[in-house]
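Visitor: Handing you this structure, nothing more for now.
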Amino acid sequence: MTTATTTKLAAGTWNIDASHSTLGFSVRHLMVSKVRGRFTDFSGKLVINEDGTASAEAEIKVASVTTDNEQRDGHLRTADFFHAEEFPTATFKSTGFRVNGDDFVVDGDFTIHGVTKPVSLEVEFNGVNEGMGNGPVAGFEAKTTINRRDFGITIDMPLANGGAVVGDKINLVLEIEVAKA
């Protein structure tokens with residue numbers, strides 16, 4: 001299941017608090033800038049076992065993508081990109097945790113656009129707090145870079161002078177707060 005222990009978190013299930021979390025991404029646009037976006041409909045959990053091993057999973061509704069531009073968001077939902085009608089969810093399921101100093105690397109299987117590939121998330125543990133009367137909370141920041149082509153998102157939009165409208169590398173930045181169930 002896992003190889004690292006997570007002694008800073010109490011055993012049990014910790015659910016993602018979507019109202020205090022962000023699943024964000026950025027991608028190169030016209031070779032000179034980045035477009036940033038996020039998903040607004042997602043859920044997930046982190047399970048800490050009594051022996052300190054852990055597992056994590058998340059589900060993202062890809063139709064909830066927003067880049068604050070309705071026309072672009074509509075295009076992202078089409079078969080050119082996420083094909084949200086045929087592949088409505090993206091998922092992540094951990095396959096292992098590795099200690100990296102005070103932080104972790106979480107390995108797992110990421111599925112989007114009907115394609116599953118292994119990814120490794122560099123996870124910074126932000127700590128645990130007793131919360132505001134509803135039980136303890138913990139925070140994490142996770143980062144990784146994926147190639148959209150690896151997941152079957154292969155639209156080509158070349159520019160006349162070289163390069164492309166949309167880059168291949170997608171930077172994912174996840175700001176996650178979990179609450180103990």
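Quick note on naming: the chains in the structure tokens go A, B, ... in the order shown, residues restart at 1 in each chain, and ligands are numbered from 1 in order of appearance.
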Quick one: pick out all strand (DSSP E) residues within chain A from a backbone DSSP run and write them as number ranges by chain.
Guide: A: 12-16, 22-29, 33-39, 42-48, 54-61, 65-66, 89-100, 103-112, 115-129, 137-147, 166-180
Visitor: Can you pull out every residue within 12 Å of Ala160 of chain A, counting only C-alpha atoms, but drop anything in the same chain fewer than 4 positions away, and send it as a ChimeraX atom specification?
Guide: /A:30,164-165
Visitor: For the residues in that selection, give me all heavy atoms as a PDB file, in the first residue's frame.
Guide:
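Just written: result23.pdb:
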ATOM      1  N   LEU A  30       0.275  30.695 -26.423  1.00  0.00           N
ATOM      2  CA  LEU A  30       0.942  31.442 -27.495  1.00  0.00           C
ATOM      3  C   LEU A  30       2.451  31.541 -27.281  1.00  0.00           C
ATOM      4  O   LEU A  30       3.105  32.460 -27.761  1.00  0.00           O
ATOM      5  CB  LEU A  30       0.344  32.851 -27.640  1.00  0.00           C
ATOM      6  CG  LEU A  30      -1.127  32.894 -28.058  1.00  0.00           C
ATOM      7  CD1 LEU A  30      -1.628  34.333 -28.033  1.00  0.00           C
ATOM      8  CD2 LEU A  30      -1.306  32.291 -29.452  1.00  0.00           C
ATOM      9  N   ALA A 164       3.044  26.747 -30.639  1.00  0.00           N
ATOM     10  CA  ALA A 164       1.638  26.356 -30.624  1.00  0.00           C
ATOM     11  C   ALA A 164       0.841  27.290 -29.732  1.00  0.00           C
ATOM     12  O   ALA A 164       1.397  27.962 -28.861  1.00  0.00           O
ATOM     13  CB  ALA A 164       1.498  24.924 -30.121  1.00  0.00           C
ATOM     14  N   VAL A 165      -0.460  27.326 -29.985  1.00  0.00           N
ATOM     15  CA  VAL A 165      -1.367  28.137 -29.169  1.00  0.00           C
ATOM     16  C   VAL A 165      -1.373  27.630 -27.734  1.00  0.00           C
ATOM     17  O   VAL A 165      -1.352  28.401 -26.784  1.00  0.00           O
ATOM     18  CB  VAL A 165      -2.795  28.132 -29.763  1.00  0.00           C
ATOM     19  CG1 VAL A 165      -3.779  28.822 -28.834  1.00  0.00           C
ATOM     20  CG2 VAL A 165      -2.795  28.812 -31.137  1.00  0.00           C
TER      21      VAL A 165
END
Visitor: Excluding segment 129-140 of chain A and any residue of its chain fewer than 5 positions from it, enumerate the residues within 8 Å of it, using only C-alpha atoms, and give them as a PDB file with N, CA and C atoms, in the first residue's frame.
Guide:
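The resulting file, around_29.pdb, is shown below:
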ATOM      1  N   LEU A   9      -0.312  12.966  11.518  1.00  0.00           N
ATOM      2  CA  LEU A   9      -1.766  12.946  11.390  1.00  0.00           C
ATOM      3  C   LEU A   9      -2.339  11.775  12.169  1.00  0.00           C
ATOM      4  N   VAL A 123       4.653  16.792  -2.307  1.00  0.00           N
ATOM      5  CA  VAL A 123       3.684  17.279  -1.335  1.00  0.00           C
ATOM      6  C   VAL A 123       4.395  17.948  -0.160  1.00  0.00           C
ATOM      7  N   GLU A 124       4.058  19.197   0.059  1.00  0.00           N
ATOM      8  CA  GLU A 124       4.529  19.922   1.241  1.00  0.00           C
ATOM      9  C   GLU A 124       3.436  19.828   2.295  1.00  0.00           C
ATOM     10  N   LEU A 174      -1.994  21.931  -6.286  1.00  0.00           N
ATOM     11  CA  LEU A 174      -3.148  21.579  -5.473  1.00  0.00           C
ATOM     12  C   LEU A 174      -2.941  22.128  -4.061  1.00  0.00           C
ATOM     13  N   GLU A 175      -3.825  22.991  -3.634  1.00  0.00           N
ATOM     14  CA  GLU A 175      -3.821  23.499  -2.258  1.00  0.00           C
ATOM     15  C   GLU A 175      -4.958  22.777  -1.562  1.00  0.00           C
ATOM     16  N   ILE A 176      -4.622  21.881  -0.643  1.00  0.00           N
ATOM     17  CA  ILE A 176      -5.624  20.984  -0.075  1.00  0.00           C
ATOM     18  C   ILE A 176      -5.723  21.156   1.431  1.00  0.00           C
ATOM     19  N   GLU A 177      -6.958  21.312   1.904  1.00  0.00           N
ATOM     20  CA  GLU A 177      -7.240  21.251   3.326  1.00  0.00           C
ATOM     21  C   GLU A 177      -8.153  20.054   3.557  1.00  0.00           C
ATOM     22  N   VAL A 178      -7.785  19.236   4.522  1.00  0.00           N
ATOM     23  CA  VAL A 178      -8.597  18.066   4.854  1.00  0.00           C
ATOM     24  C   VAL A 178      -9.080  18.190   6.297  1.00  0.00           C
ATOM     25  N   ALA A 179     -10.255  17.645   6.544  1.00  0.00           N
ATOM     26  CA  ALA A 179     -10.844  17.660   7.886  1.00  0.00           C
ATOM     27  C   ALA A 179     -11.058  16.219   8.337  1.00  0.00           C
ATOM     28  N   LYS A 180     -10.761  15.956   9.581  1.00  0.00           N
ATOM     29  CA  LYS A 180     -10.914  14.595  10.105  1.00  0.00           C
ATOM     30  C   LYS A 180     -12.403  14.265  10.221  1.00  0.00           C
TER      31      LYS A 180
END
Visitor: For the structure I just gave you, how does DSSP split segment 24-146 of chain A - specifically, which residues are alpha helix (DSSP H)? Reply as a PyMOL selection string.
Guide: chain A and resi 70-76
Visitor: Take the selection from the previous step and output its residues with C-alpha atoms, as an mmCIF file, in the first residue's frame.
Guide:
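Now in out_37.cif:
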data_model
loop_
_atom_site.group_PDB
_atom_site.id
_atom_site.type_symbol
_atom_site.label_atom_id
_atom_site.label_comp_id
_atom_site.auth_asym_id
_atom_site.auth_seq_id
_atom_site.Cartn_x
_atom_site.Cartn_y
_atom_site.Cartn_z
ATOM 1 C CA GLU A 70 -16.561 31.328 -20.742
ATOM 2 C CA GLN A 71 -15.628 30.814 -24.385
ATOM 3 C CA ARG A 72 -12.325 29.103 -23.524
ATOM 4 C CA ASP A 73 -13.970 27.050 -20.746
ATOM 5 C CA GLY A 74 -16.605 25.826 -23.197
ATOM 6 C CA HIS A 75 -13.861 24.788 -25.632
ATOM 7 C CA LEU A 76 -11.988 22.948 -22.849
#
Visitor: What's around Gly163 of chain A at 12 Å? Count only C-alpha atoms, leave out sequence neighbours fewer than 6 positions away in its own chain, and write the answer as a compact mmCIF listing (two decimals) with all heavy atoms, in the first residue's frame.
Guide:
# COMPACT_ATOMS: atom_id res chain seq x y z
N ARG A 28 1.12 26.91 -20.94
CA ARG A 28 1.68 27.95 -21.81
C ARG A 28 0.66 28.31 -22.89
O ARG A 28 0.02 27.45 -23.47
CB ARG A 28 2.97 27.43 -22.43
CG ARG A 28 3.73 28.42 -23.25
CD ARG A 28 4.47 29.48 -22.51
NE ARG A 28 5.43 29.00 -21.55
CZ ARG A 28 5.91 29.77 -20.58
NH1 ARG A 28 5.51 31.01 -20.44
NH2 ARG A 28 6.78 29.29 -19.73
N HIS A 29 0.53 29.62 -23.16
CA HIS A 29 -0.39 30.13 -24.18
C HIS A 29 0.38 31.00 -25.14
O HIS A 29 1.10 31.92 -24.73
CB HIS A 29 -1.52 30.94 -23.51
CG HIS A 29 -2.50 31.51 -24.48
ND1 HIS A 29 -2.57 32.85 -24.76
CD2 HIS A 29 -3.44 30.91 -25.24
CE1 HIS A 29 -3.51 33.07 -25.64
NE2 HIS A 29 -4.06 31.90 -25.95
N LEU A 30 0.27 30.70 -26.42
CA LEU A 30 0.94 31.44 -27.50
C LEU A 30 2.45 31.54 -27.28
O LEU A 30 3.10 32.46 -27.76
CB LEU A 30 0.34 32.85 -27.64
CG LEU A 30 -1.13 32.89 -28.06
CD1 LEU A 30 -1.63 34.33 -28.03
CD2 LEU A 30 -1.31 32.29 -29.45
N MET A 31 2.99 30.61 -26.53
CA MET A 31 4.43 30.50 -26.28
C MET A 31 5.01 31.64 -25.43
O MET A 31 6.20 31.66 -25.18
CB MET A 31 5.22 30.41 -27.61
CG MET A 31 4.74 29.32 -28.55
SD MET A 31 4.79 27.66 -27.86
CE MET A 31 6.54 27.43 -27.69
N VAL A 32 4.17 32.57 -24.97
CA VAL A 32 4.71 33.74 -24.27
C VAL A 32 4.10 33.98 -22.89
O VAL A 32 4.63 34.77 -22.12
CB VAL A 32 4.57 35.03 -25.10
CG1 VAL A 32 5.36 34.93 -26.40
CG2 VAL A 32 3.11 35.35 -25.38
N ASP A 156 -3.68 19.91 -31.92
CA ASP A 156 -2.58 20.72 -32.42
C ASP A 156 -3.14 22.04 -32.92
O ASP A 156 -4.05 22.05 -33.75
CB ASP A 156 -1.83 20.02 -33.55
CG ASP A 156 -0.89 18.95 -33.04
OD1 ASP A 156 -0.21 19.19 -32.02
OD2 ASP A 156 -0.84 17.87 -33.66
N MET A 157 -2.61 23.11 -32.41
CA MET A 157 -3.00 24.44 -32.84
C MET A 157 -1.71 25.23 -33.11
O MET A 157 -1.33 26.11 -32.34
CB MET A 157 -3.86 25.11 -31.76
CG MET A 157 -5.16 24.36 -31.48
SD MET A 157 -6.04 24.95 -30.02
CE MET A 157 -6.49 26.60 -30.51
Visitor: Considering only C-alpha atoms, return as a PDB file with N, CA, C and O atoms, in the first residue's frame whatever protein or nucleic-acid residues lie within 10 Å of Ala63 of chain A, sequence-local ones (same chain, fewer than 3 positions apart) excluded.
Guide:
ATOM      1  N   PHE A  39     -10.466  23.722 -11.087  1.00  0.00           N
ATOM      2  CA  PHE A  39     -11.687  22.930 -11.091  1.00  0.00           C
ATOM      3  C   PHE A  39     -12.436  23.256  -9.807  1.00  0.00           C
ATOM      4  O   PHE A  39     -11.830  23.369  -8.740  1.00  0.00           O
ATOM      5  N   THR A  40     -13.742  23.411  -9.906  1.00  0.00           N
ATOM      6  CA  THR A  40     -14.526  23.840  -8.748  1.00  0.00           C
ATOM      7  C   THR A  40     -15.354  22.723  -8.115  1.00  0.00           C
ATOM      8  O   THR A  40     -15.904  22.929  -7.037  1.00  0.00           O
ATOM      9  N   ASP A  41     -15.450  21.561  -8.754  1.00  0.00           N
ATOM     10  CA  ASP A  41     -16.256  20.462  -8.232  1.00  0.00           C
ATOM     11  C   ASP A  41     -15.368  19.233  -8.087  1.00  0.00           C
ATOM     12  O   ASP A  41     -15.007  18.587  -9.081  1.00  0.00           O
ATOM     13  N   ILE A  60     -12.538  14.445  -9.682  1.00  0.00           N
ATOM     14  CA  ILE A  60     -12.728  15.804 -10.183  1.00  0.00           C
ATOM     15  C   ILE A  60     -13.744  15.772 -11.306  1.00  0.00           C
ATOM     16  O   ILE A  60     -13.610  14.982 -12.250  1.00  0.00           O
ATOM     17  N   THR A  66     -12.700  26.085 -14.900  1.00  0.00           N
ATOM     18  CA  THR A  66     -12.877  27.512 -15.148  1.00  0.00           C
ATOM     19  C   THR A  66     -11.514  28.180 -15.295  1.00  0.00           C
ATOM     20  O   THR A  66     -10.593  27.913 -14.535  1.00  0.00           O
ATOM     21  N   ASP A  73     -13.507  28.148 -21.597  1.00  0.00           N
ATOM     22  CA  ASP A  73     -13.970  27.050 -20.746  1.00  0.00           C
ATOM     23  C   ASP A  73     -14.873  26.102 -21.533  1.00  0.00           C
ATOM     24  O   ASP A  73     -14.767  24.877 -21.398  1.00  0.00           O
ATOM     25  N   GLY A  74     -15.743  26.650 -22.355  1.00  0.00           N
ATOM     26  CA  GLY A  74     -16.605  25.826 -23.197  1.00  0.00           C
ATOM     27  C   GLY A  74     -15.783  24.962 -24.144  1.00  0.00           C
ATOM     28  O   GLY A  74     -16.097  23.782 -24.352  1.00  0.00           O
ATOM     29  N   LEU A  76     -12.691  23.959 -23.648  1.00  0.00           N
ATOM     30  CA  LEU A  76     -11.988  22.948 -22.849  1.00  0.00           C
ATOM     31  C   LEU A  76     -12.875  21.739 -22.545  1.00  0.00           C
ATOM     32  O   LEU A  76     -12.375  20.625 -22.395  1.00  0.00           O
ATOM     33  N   ARG A  77     -14.167  21.942 -22.474  1.00  0.00           N
ATOM     34  CA  ARG A  77     -15.099  20.840 -22.185  1.00  0.00           C
ATOM     35  C   ARG A  77     -15.374  19.963 -23.407  1.00  0.00           C
ATOM     36  O   ARG A  77     -15.908  18.863 -23.265  1.00  0.00           O
ATOM     37  N   THR A  78     -15.010  20.412 -24.609  1.00  0.00           N
ATOM     38  CA  THR A  78     -15.287  19.673 -25.836  1.00  0.00           C
ATOM     39  C   THR A  78     -14.309  18.526 -26.045  1.00  0.00           C
ATOM     40  O   THR A  78     -13.333  18.361 -25.315  1.00  0.00           O
ATOM     41  N   PHE A  82     -10.977  18.055 -22.800  1.00  0.00           N
ATOM     42  CA  PHE A  82     -11.405  17.112 -21.774  1.00  0.00           C
ATOM     43  C   PHE A  82     -12.481  16.135 -22.224  1.00  0.00           C
ATOM     44  O   PHE A  82     -12.643  15.085 -21.625  1.00  0.00           O
ATOM     45  N   HIS A  83     -13.236  16.476 -23.248  1.00  0.00           N
ATOM     46  CA  HIS A  83     -14.353  15.643 -23.712  1.00  0.00           C
ATOM     47  C   HIS A  83     -15.220  15.260 -22.513  1.00  0.00           C
ATOM     48  O   HIS A  83     -15.461  14.076 -22.212  1.00  0.00           O
ATOM     49  N   ALA A  84     -15.692  16.300 -21.811  1.00  0.00           N
ATOM     50  CA  ALA A  84     -16.406  16.137 -20.541  1.00  0.00           C
ATOM     51  C   ALA A  84     -17.665  15.284 -20.651  1.00  0.00           C
ATOM     52  O   ALA A  84     -18.037  14.609 -19.692  1.00  0.00           O
ATOM     53  N   GLU A  85     -18.287  15.276 -21.809  1.00  0.00           N
ATOM     54  CA  GLU A  85     -19.500  14.468 -21.965  1.00  0.00           C
ATOM     55  C   GLU A  85     -19.173  12.975 -21.902  1.00  0.00           C
ATOM     56  O   GLU A  85     -19.876  12.203 -21.260  1.00  0.00           O
ATOM     57  N   PHE A  87     -16.046  11.682 -20.842  1.00  0.00           N
ATOM     58  CA  PHE A  87     -15.161  11.404 -19.705  1.00  0.00           C
ATOM     59  C   PHE A  87     -15.414  12.452 -18.619  1.00  0.00           C
ATOM     60  O   PHE A  87     -14.629  13.378 -18.435  1.00  0.00           O
ATOM     61  N   PRO A  88     -16.524  12.331 -17.881  1.00  0.00           N
ATOM     62  CA  PRO A  88     -16.929  13.395 -16.955  1.00  0.00           C
ATOM     63  C   PRO A  88     -16.058  13.565 -15.719  1.00  0.00           C
ATOM     64  O   PRO A  88     -16.089  14.629 -15.095  1.00  0.00           O
ATOM     65  N   THR A  89     -15.268  12.551 -15.380  1.00  0.00           N
ATOM     66  CA  THR A  89     -14.451  12.678 -14.169  1.00  0.00           C
ATOM     67  C   THR A  89     -12.989  12.376 -14.454  1.00  0.00           C
ATOM     68  O   THR A  89     -12.652  11.587 -15.338  1.00  0.00           O
TER      69      THR A  89
END
Visitor: Can you work out which one of A:Thr95, A:Glu86, A:Phe110, A:Asp80 has the shortest atom-to-atom distance to Ile155 of chain A, counting only C-alpha atoms?
Guide: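 Smallest distance to Ile155 of chain A is found for A:Asp80.
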